Amino acid sequence: MEILRRTTHSFAARLENPIFWIINVGAISLCFWSGPFGTIDALPSGIRLIYWGLIVVASTLIATWLHALIHAQSWVSLSRRLMVSIIFGVTIAAVVLLLSLSLLLPIQRYPGHTLILLYSFPSATILFFLTTLIFRSELKPATEPQHQKPVLLKRLEKYPHANTVLSLSAQDHYVEVTTDLGHELCLMRLDDAISEVAPENGFRIHRSHWVSKSAIKNLMKQGAKTKVVLIDGRQLSVSQARLSDFKDFWQKTRTH
């Protein structure tokens with residue numbers, strides 16, 4: 001359910017991008033005026049516009065949802081992306097065949113169902129696979145350790161391009177992930193979030209808070225409490241049970 005939620009959220013965000021609709025309008029216009037597969041002769045202009053409009057919009061919607069799924073699952077391997085590309089090709093071929101059976105009559109006036117399938121399946125599969133390669137670098141781990149990003153960042157919808165995690169804070173069933181670009185809530189446990197924050201070096205200062213050593217600016221006393229002052233100005237409490245170990249950790253990080 002979490003994967004579906006993140007996929008749907010990412011899909012909806014992509015649909016809000018004006019570029020998505022500009023590409024659709026451009027592709028529909030190109031197909032309408034060029035009339036591939038003999039549709040310029042077989043269909044009147046109104047039906048031809050509907051035919052290509054349905055194919056283009058259906059293709060881009062399905063492709064966008066599958067890209068969101070790949071991103072949500074963090075699928076980097078070529079084999080998985082090829083598998084999704086084949087599924088996309090089969091789906092688009094089925095959509096094209098269904099619309100062709102409905103709108104492209106008589107059959108003599110266009111290449112035929114078999115030839116359309118031979119065109120649509122491989123072209124859709126190859127095109128989708130190429131687009132996954134273009135965006136593959138967003139999820140591909142860096143080869144050098146100093147350039148690696150935390151796996152946790154791949155879960156983010158608002159800030160997937162953030163570079164570092166400053167802190168983690170538990171909020172009911174969510175974890176507030178604060179990055180160098182902003183903060184965002186993720187539906188997960190704090191323990192799981194901490195396990196995915198590597199290679200960031202940090203310390204769990206409280207049962208509800210984890211901080212990165214790079215985000216620590218100072219320590220301050222406030223009555224009986226000790227707080228960590230972060231580089232963005234926030235102050236997080238250090239529990240008494242963890243205070244001694246945290247001071248040792250902080251001293252070691254300051255000497256390196």
# chains A, B, ... in the order shown; residues from 1 in each chain; ligands from 1
call {"tool": "residues_around", "arguments": {"residues": "segment 175-181 of chain A", "least_positions_apart": "4", "cutoff": "7 Å", "atoms": "only C-alpha atoms", "output": "VMD selection string"}}
result
chain A and resid 159 162 to 171 185 to 190
call {"tool": "closest_atom_pairs", "arguments": {"of": "segment 6-48 of chain A", "to": "segment 68-81 of chain A", "cutoff": "8 Å", "atoms": "only C-alpha atoms", "output": "Markdown table"}}
result
| residue | atom | partner | partner_atom | distance |
| --- | --- | --- | --- | --- |
| A:Arg6 | CA | A:Ala72 | CA | 6.1 |
| A:Thr7 | CA | A:Leu69 | CA | 5.1 |
| A:Thr8 | CA | A:Ala68 | CA | 7.5 |
| A:Ser10 | CA | A:Ala68 | CA | 5.6 |
| A:Phe11 | CA | A:Ala68 | CA | 5.5 |
call {"tool": "write_last_selection", "arguments": {"atoms": "all heavy atoms", "output": "PDB file, in the first residue's frame"}}
result
ATOM      1  N   ARG A   6       2.904   6.099  -2.762  1.00  0.00           N
ATOM      2  CA  ARG A   6       3.991   6.940  -3.266  1.00  0.00           C
ATOM      3  C   ARG A   6       3.966   7.031  -4.796  1.00  0.00           C
ATOM      4  O   ARG A   6       4.262   8.068  -5.369  1.00  0.00           O
ATOM      5  CB  ARG A   6       5.346   6.397  -2.779  1.00  0.00           C
ATOM      6  CG  ARG A   6       5.561   6.647  -1.295  1.00  0.00           C
ATOM      7  CD  ARG A   6       6.989   6.405  -0.871  1.00  0.00           C
ATOM      8  NE  ARG A   6       7.295   4.995  -0.753  1.00  0.00           N
ATOM      9  CZ  ARG A   6       8.221   4.366  -1.450  1.00  0.00           C
ATOM     10  NH1 ARG A   6       8.919   5.009  -2.348  1.00  0.00           N
ATOM     11  NH2 ARG A   6       8.451   3.088  -1.259  1.00  0.00           N
ATOM     12  N   THR A   7       3.601   5.907  -5.449  1.00  0.00           N
ATOM     13  CA  THR A   7       3.502   5.917  -6.913  1.00  0.00           C
ATOM     14  C   THR A   7       2.406   6.871  -7.366  1.00  0.00           C
ATOM     15  O   THR A   7       2.596   7.671  -8.292  1.00  0.00           O
ATOM     16  CB  THR A   7       3.206   4.502  -7.431  1.00  0.00           C
ATOM     17  OG1 THR A   7       4.257   3.627  -7.047  1.00  0.00           O
ATOM     18  CG2 THR A   7       3.089   4.504  -8.949  1.00  0.00           C
ATOM     19  N   THR A   8       1.243   6.794  -6.720  1.00  0.00           N
ATOM     20  CA  THR A   8       0.126   7.661  -7.085  1.00  0.00           C
ATOM     21  C   THR A   8       0.451   9.124  -6.834  1.00  0.00           C
ATOM     22  O   THR A   8       0.120  10.002  -7.640  1.00  0.00           O
ATOM     23  CB  THR A   8      -1.131   7.255  -6.286  1.00  0.00           C
ATOM     24  OG1 THR A   8      -1.417   5.874  -6.523  1.00  0.00           O
ATOM     25  CG2 THR A   8      -2.326   8.097  -6.702  1.00  0.00           C
ATOM     26  N   SER A  10       3.455  10.524  -6.810  1.00  0.00           N
ATOM     27  CA  SER A  10       4.426  10.952  -7.813  1.00  0.00           C
ATOM     28  C   SER A  10       3.755  11.130  -9.170  1.00  0.00           C
ATOM     29  O   SER A  10       4.047  12.084  -9.905  1.00  0.00           O
ATOM     30  CB  SER A  10       5.548   9.921  -7.921  1.00  0.00           C
ATOM     31  OG  SER A  10       6.478  10.288  -8.917  1.00  0.00           O
ATOM     32  N   PHE A  11       2.835  10.224  -9.511  1.00  0.00           N
ATOM     33  CA  PHE A  11       2.096  10.302 -10.780  1.00  0.00           C
ATOM     34  C   PHE A  11       1.289  11.593 -10.857  1.00  0.00           C
ATOM     35  O   PHE A  11       1.316  12.309 -11.867  1.00  0.00           O
ATOM     36  CB  PHE A  11       1.181   9.086 -10.896  1.00  0.00           C
ATOM     37  CG  PHE A  11       0.241   9.118 -12.070  1.00  0.00           C
ATOM     38  CD1 PHE A  11       0.716   8.972 -13.361  1.00  0.00           C
ATOM     39  CD2 PHE A  11      -1.122   9.285 -11.879  1.00  0.00           C
ATOM     40  CE1 PHE A  11      -0.151   8.995 -14.445  1.00  0.00           C
ATOM     41  CE2 PHE A  11      -1.997   9.309 -12.946  1.00  0.00           C
ATOM     42  CZ  PHE A  11      -1.517   9.160 -14.230  1.00  0.00           C
TER      43      PHE A  11
END
call {"tool": "residues_around", "arguments": {"residues": "Ser120 of chain A", "least_positions_apart": "5", "cutoff": "8 Å", "atoms": "only C-alpha atoms", "output": "NGL selection string"}}
result
:A and (89 or 92-93 or 96)
call {"tool": "closest_residue", "arguments": {"among": "A:Ala58, A:Ala94, A:Ile23, A:Tyr174", "to": "Phe121 of chain A", "atoms": "only C-alpha atoms"}}
result
A:Ala94
call {"tool": "closest_residue", "arguments": {"among": "A:Val90, A:Leu101, A:Leu236, A:Ile19", "to": "Tyr51 of chain A", "atoms": "only C-alpha atoms"}}
result
A:Leu101
call {"tool": "select_by_dssp", "arguments": {"residues": "segment 10-184 of chain A", "states": "helix (DSSP H, G or I)", "output": "ChimeraX atom specification"}}
result
/A:10-15,18-34,36-42,45-73,78-103,107-109,113-134,136-138,145-147,151-155
call {"tool": "write_last_selection", "arguments": {"atoms": "C-alpha atoms", "output": "CSV table (one decimal), in the first residue's frame"}}
result
chain,number,residue,atom,x,y,z
A,10,SER,CA,4.4,11.0,-7.8
A,11,PHE,CA,2.1,10.3,-10.8
A,12,ALA,CA,-0.2,13.1,-9.7
A,13,ALA,CA,2.7,15.5,-9.3
A,14,ARG,CA,4.0,14.7,-12.8
A,15,LEU,CA,0.5,15.4,-14.3
A,18,PRO,CA,2.7,21.8,-17.9
A,19,ILE,CA,5.4,20.1,-20.0
A,20,PHE,CA,3.4,16.9,-19.8
A,21,TRP,CA,0.4,18.5,-21.5
A,22,ILE,CA,2.6,20.4,-24.0
A,23,ILE,CA,4.2,17.1,-25.1
A,24,ASN,CA,0.7,15.6,-25.5
A,25,VAL,CA,-0.6,18.4,-27.6
A,26,GLY,CA,2.5,18.4,-29.8
A,27,ALA,CA,2.4,14.6,-30.3
A,28,ILE,CA,-1.4,14.6,-31.1
A,29,SER,CA,-0.9,17.4,-33.6
A,30,LEU,CA,1.9,15.6,-35.3
A,31,CYS,CA,0.0,12.4,-35.6
A,32,PHE,CA,-3.2,14.1,-36.7
A,33,TRP,CA,-1.6,16.1,-39.6
A,34,SER,CA,0.8,13.2,-40.7
A,36,PRO,CA,0.3,7.4,-39.9
A,37,PHE,CA,-1.0,3.9,-40.8
A,38,GLY,CA,-3.1,5.3,-43.5
A,39,THR,CA,-5.4,7.1,-41.1
A,40,ILE,CA,-5.2,10.3,-43.1
A,41,ASP,CA,-7.2,8.5,-45.8
A,42,ALA,CA,-9.2,6.1,-43.7
A,45,SER,CA,-10.5,14.7,-39.6
A,46,GLY,CA,-12.7,14.7,-36.5
A,47,ILE,CA,-12.4,10.9,-36.0
A,48,ARG,CA,-8.7,11.0,-36.8
A,49,LEU,CA,-8.2,13.6,-34.1
A,50,ILE,CA,-10.1,11.5,-31.6
A,51,TYR,CA,-8.2,8.3,-32.6
A,52,TRP,CA,-4.7,9.8,-32.2
A,53,GLY,CA,-5.8,11.9,-29.2
A,54,LEU,CA,-6.8,8.7,-27.4
A,55,ILE,CA,-3.7,6.8,-28.3
A,56,VAL,CA,-1.3,9.6,-27.4
A,57,VAL,CA,-3.0,10.5,-24.1
A,58,ALA,CA,-3.4,6.8,-23.1
A,59,SER,CA,0.3,6.1,-23.9
A,60,THR,CA,1.6,9.1,-22.0
A,61,LEU,CA,-0.6,8.4,-19.0
A,62,ILE,CA,0.5,4.8,-18.8
A,63,ALA,CA,4.1,5.7,-19.3
A,64,THR,CA,4.0,8.4,-16.6
A,65,TRP,CA,2.4,6.0,-14.1
A,66,LEU,CA,5.0,3.3,-14.8
A,67,HIS,CA,7.9,5.9,-14.5
A,68,ALA,CA,6.4,6.9,-11.1
A,69,LEU,CA,6.3,3.2,-10.1
A,70,ILE,CA,10.0,2.7,-11.2
A,71,HIS,CA,10.9,5.8,-9.1
A,72,ALA,CA,8.9,4.6,-6.1
A,73,GLN,CA,10.5,1.1,-6.2
A,78,LEU,CA,18.3,-2.8,-16.5
A,79,SER,CA,16.4,-6.1,-16.3
A,80,ARG,CA,13.6,-4.7,-14.3
A,81,ARG,CA,13.3,-1.6,-16.5
A,82,LEU,CA,13.3,-3.9,-19.6
A,83,MET,CA,10.5,-5.9,-18.0
A,84,VAL,CA,8.4,-2.8,-17.4
A,85,SER,CA,9.1,-1.6,-20.9
A,86,ILE,CA,7.8,-4.9,-22.3
A,87,ILE,CA,4.7,-4.6,-20.2
A,88,PHE,CA,4.3,-1.0,-21.5
A,89,GLY,CA,4.7,-2.2,-25.1
A,90,VAL,CA,2.1,-5.0,-24.8
A,91,THR,CA,-0.4,-2.6,-23.1
A,92,ILE,CA,0.1,0.1,-25.8
A,93,ALA,CA,-0.2,-2.5,-28.6
A,94,ALA,CA,-3.5,-3.6,-27.0
A,95,VAL,CA,-4.8,0.0,-26.8
A,96,VAL,CA,-3.8,0.6,-30.5
A,97,LEU,CA,-5.5,-2.6,-31.6
A,98,LEU,CA,-8.7,-1.9,-29.7
A,99,LEU,CA,-9.0,1.6,-31.2
A,100,SER,CA,-8.1,0.4,-34.6
A,101,LEU,CA,-10.8,-2.3,-34.5
A,102,SER,CA,-13.3,0.4,-33.4
A,103,LEU,CA,-12.3,3.3,-35.7
A,107,ILE,CA,-9.5,-2.9,-43.0
A,108,GLN,CA,-8.3,-2.4,-46.6
A,109,ARG,CA,-7.7,1.3,-46.0
A,113,HIS,CA,-4.1,-5.3,-37.5
A,114,THR,CA,-1.0,-7.5,-37.7
A,115,LEU,CA,1.2,-4.8,-39.2
A,116,ILE,CA,0.0,-2.2,-36.7
A,117,LEU,CA,0.9,-4.6,-33.9
A,118,LEU,CA,4.3,-5.2,-35.4
A,119,TYR,CA,4.8,-1.4,-35.5
A,120,SER,CA,3.3,-0.5,-32.1
A,121,PHE,CA,4.7,-3.1,-29.8
A,122,PRO,CA,8.4,-2.8,-30.5
A,123,SER,CA,8.3,1.0,-31.0
A,124,ALA,CA,6.5,1.5,-27.7
A,125,THR,CA,8.8,-0.9,-25.9
A,126,ILE,CA,12.0,0.6,-27.2
A,127,LEU,CA,10.9,4.2,-26.7
A,128,PHE,CA,9.9,3.6,-23.1
A,129,PHE,CA,13.1,1.7,-22.4
A,130,LEU,CA,15.1,4.6,-23.8
A,131,THR,CA,13.3,7.0,-21.5
A,132,THR,CA,14.1,4.8,-18.5
A,133,LEU,CA,17.7,5.0,-19.4
A,134,ILE,CA,17.6,8.8,-19.6
A,136,ARG,CA,18.2,6.1,-14.7
A,137,SER,CA,21.0,8.4,-13.4
A,138,GLU,CA,18.5,9.8,-10.8
A,145,PRO,CA,31.5,6.7,-1.5
A,146,GLN,CA,31.8,10.4,-1.0
A,147,HIS,CA,29.2,11.0,-3.6
A,151,VAL,CA,18.6,5.5,0.1
A,152,LEU,CA,16.1,7.4,2.2
A,153,LEU,CA,16.2,10.3,-0.2
A,154,LYS,CA,14.6,8.1,-2.9
A,155,ARG,CA,11.4,7.9,-0.9
call {"tool": "atom_distance", "arguments": {"atom1": "atom CA of Lys225 of chain A", "atom2": "atom CA of Ser237 of chain A"}}
result
7.1 Å
call {"tool": "select_by_dssp", "arguments": {"residues": "segment 145-196 of chain A", "states": "strand (DSSP E or B)", "output": "list of chain:residue names"}}
result
A:Val165, A:Leu166, A:Ser167, A:Leu168, A:Ser169, A:Ala170, A:Gln171, A:Tyr174, A:Val175, A:Glu176, A:Val177, A:Thr178, A:Thr179, A:His183, A:Glu184, A:Leu185, A:Cys186, A:Leu187
call {"tool": "write_last_selection", "arguments": {"atoms": "all heavy atoms", "output": "short mmCIF file (atom, residue, chain, number, x, y, z; two decimals), in the first residue's frame"}}
result
data_model
loop_
_atom_site.label_atom_id
_atom_site.label_comp_id
_atom_site.auth_asym_id
_atom_site.auth_seq_id
_atom_site.Cartn_x
_atom_site.Cartn_y
_atom_site.Cartn_z
N VAL A 165 20.81 14.48 4.36
CA VAL A 165 19.76 14.46 5.39
C VAL A 165 20.33 15.13 6.63
O VAL A 165 21.38 14.75 7.13
CB VAL A 165 19.34 13.01 5.73
CG1 VAL A 165 18.32 13.01 6.87
CG2 VAL A 165 18.76 12.33 4.51
N LEU A 166 19.63 16.16 7.11
CA LEU A 166 20.09 16.89 8.29
C LEU A 166 19.59 16.26 9.58
O LEU A 166 20.33 16.16 10.56
CB LEU A 166 19.63 18.35 8.22
CG LEU A 166 20.05 19.16 6.99
CD1 LEU A 166 19.59 20.60 7.11
CD2 LEU A 166 21.56 19.09 6.79
N SER A 167 18.33 15.84 9.58
CA SER A 167 17.77 15.24 10.79
C SER A 167 16.55 14.41 10.46
O SER A 167 15.95 14.55 9.39
CB SER A 167 17.39 16.34 11.80
OG SER A 167 16.29 17.11 11.32
N LEU A 168 16.18 13.54 11.40
CA LEU A 168 14.98 12.72 11.32
C LEU A 168 14.22 12.87 12.62
O LEU A 168 14.83 12.83 13.70
CB LEU A 168 15.33 11.24 11.10
CG LEU A 168 16.20 10.90 9.89
CD1 LEU A 168 16.64 9.44 9.96
CD2 LEU A 168 15.46 11.17 8.60
N SER A 169 12.90 13.05 12.53
CA SER A 169 12.09 13.19 13.75
C SER A 169 10.81 12.39 13.59
O SER A 169 10.10 12.51 12.58
CB SER A 169 11.74 14.67 13.99
OG SER A 169 12.90 15.43 14.25
N ALA A 170 10.51 11.56 14.57
CA ALA A 170 9.31 10.74 14.54
C ALA A 170 8.08 11.58 14.87
O ALA A 170 8.11 12.39 15.80
CB ALA A 170 9.43 9.59 15.53
N GLN A 171 7.02 11.38 14.08
CA GLN A 171 5.74 12.06 14.31
C GLN A 171 4.63 11.05 14.08
O GLN A 171 4.24 10.81 12.93
CB GLN A 171 5.58 13.26 13.38
CG GLN A 171 6.58 14.39 13.62
CD GLN A 171 6.27 15.62 12.79
OE1 GLN A 171 5.17 15.76 12.23
NE2 GLN A 171 7.22 16.52 12.70
N TYR A 174 4.67 8.67 11.14
CA TYR A 174 5.50 9.29 10.09
C TYR A 174 6.87 9.68 10.64
O TYR A 174 7.07 9.78 11.85
CB TYR A 174 4.82 10.54 9.54
CG TYR A 174 3.58 10.26 8.72
CD1 TYR A 174 2.34 10.07 9.33
CD2 TYR A 174 3.64 10.18 7.32
CE1 TYR A 174 1.20 9.81 8.58
CE2 TYR A 174 2.50 9.92 6.57
CZ TYR A 174 1.30 9.74 7.20
OH TYR A 174 0.17 9.49 6.45
N VAL A 175 7.79 9.91 9.73
CA VAL A 175 9.10 10.47 10.06
C VAL A 175 9.29 11.73 9.25
O VAL A 175 9.12 11.73 8.03
CB VAL A 175 10.23 9.47 9.74
CG1 VAL A 175 11.60 10.14 9.90
CG2 VAL A 175 10.14 8.25 10.64
N GLU A 176 9.60 12.83 9.94
CA GLU A 176 9.90 14.07 9.25
C GLU A 176 11.37 14.04 8.84
O GLU A 176 12.26 14.05 9.68
CB GLU A 176 9.63 15.28 10.13
CG GLU A 176 9.89 16.60 9.41
CD GLU A 176 9.67 17.81 10.30
OE1 GLU A 176 10.25 17.83 11.41
OE2 GLU A 176 8.93 18.72 9.90
N VAL A 177 11.60 14.01 7.53
CA VAL A 177 12.95 13.98 6.99
C VAL A 177 13.33 15.40 6.59
O VAL A 177 12.72 15.99 5.69
CB VAL A 177 13.04 13.05 5.77
CG1 VAL A 177 14.48 13.00 5.23
CG2 VAL A 177 12.54 11.66 6.11
N THR A 178 14.31 15.97 7.26
CA THR A 178 14.78 17.32 6.94
C THR A 178 16.06 17.21 6.13
O THR A 178 17.04 16.61 6.57
CB THR A 178 15.04 18.14 8.21
OG1 THR A 178 13.83 18.20 8.98
CG2 THR A 178 15.47 19.56 7.85
N THR A 179 16.04 17.76 4.91
CA THR A 179 17.18 17.70 4.00
C THR A 179 17.73 19.10 3.77
O THR A 179 17.23 20.09 4.31
CB THR A 179 16.76 17.10 2.65
OG1 THR A 179 15.94 18.06 1.94
CG2 THR A 179 15.96 15.82 2.85
N HIS A 183 11.94 19.95 4.23
CA HIS A 183 11.52 18.79 5.04
C HIS A 183 10.26 18.18 4.47
O HIS A 183 9.45 18.85 3.82
CB HIS A 183 11.32 19.19 6.50
CG HIS A 183 10.30 20.27 6.71
ND1 HIS A 183 8.96 20.00 6.86
CD2 HIS A 183 10.44 21.61 6.77
CE1 HIS A 183 8.31 21.14 7.03
NE2 HIS A 183 9.18 22.13 6.98
N GLU A 184 10.11 16.88 4.71
CA GLU A 184 9.00 16.12 4.14
C GLU A 184 8.67 14.95 5.06
O GLU A 184 9.56 14.38 5.70
CB GLU A 184 9.39 15.62 2.75
CG GLU A 184 8.30 14.86 2.03
CD GLU A 184 8.70 14.53 0.60
OE1 GLU A 184 9.60 15.21 0.04
OE2 GLU A 184 8.12 13.59 0.03
N LEU A 185 7.40 14.57 5.12
CA LEU A 185 6.96 13.45 5.94
C LEU A 185 6.97 12.16 5.13
O LEU A 185 6.51 12.14 3.98
CB LEU A 185 5.56 13.70 6.50
CG LEU A 185 5.43 14.81 7.56
CD1 LEU A 185 3.96 14.97 7.94
CD2 LEU A 185 6.27 14.50 8.79
N CYS A 186 7.47 11.09 5.74
CA CYS A 186 7.46 9.76 5.12
C CYS A 186 6.75 8.79 6.06
O CYS A 186 7.00 8.81 7.26
CB CYS A 186 8.87 9.26 4.85
SG CYS A 186 9.72 10.10 3.51
N LEU A 187 5.88 7.98 5.50
CA LEU A 187 5.15 6.99 6.29
C LEU A 187 6.06 5.79 6.55
O LEU A 187 6.18 4.89 5.73
CB LEU A 187 3.88 6.54 5.55
CG LEU A 187 2.98 5.54 6.29
CD1 LEU A 187 2.52 6.11 7.61
CD2 LEU A 187 1.81 5.14 5.41
#
call {"tool": "atom_distance", "arguments": {"atom1": "atom CA of His206 of chain A", "atom2": "atom CA of Arg242 of chain A"}}
result
7.0 Å
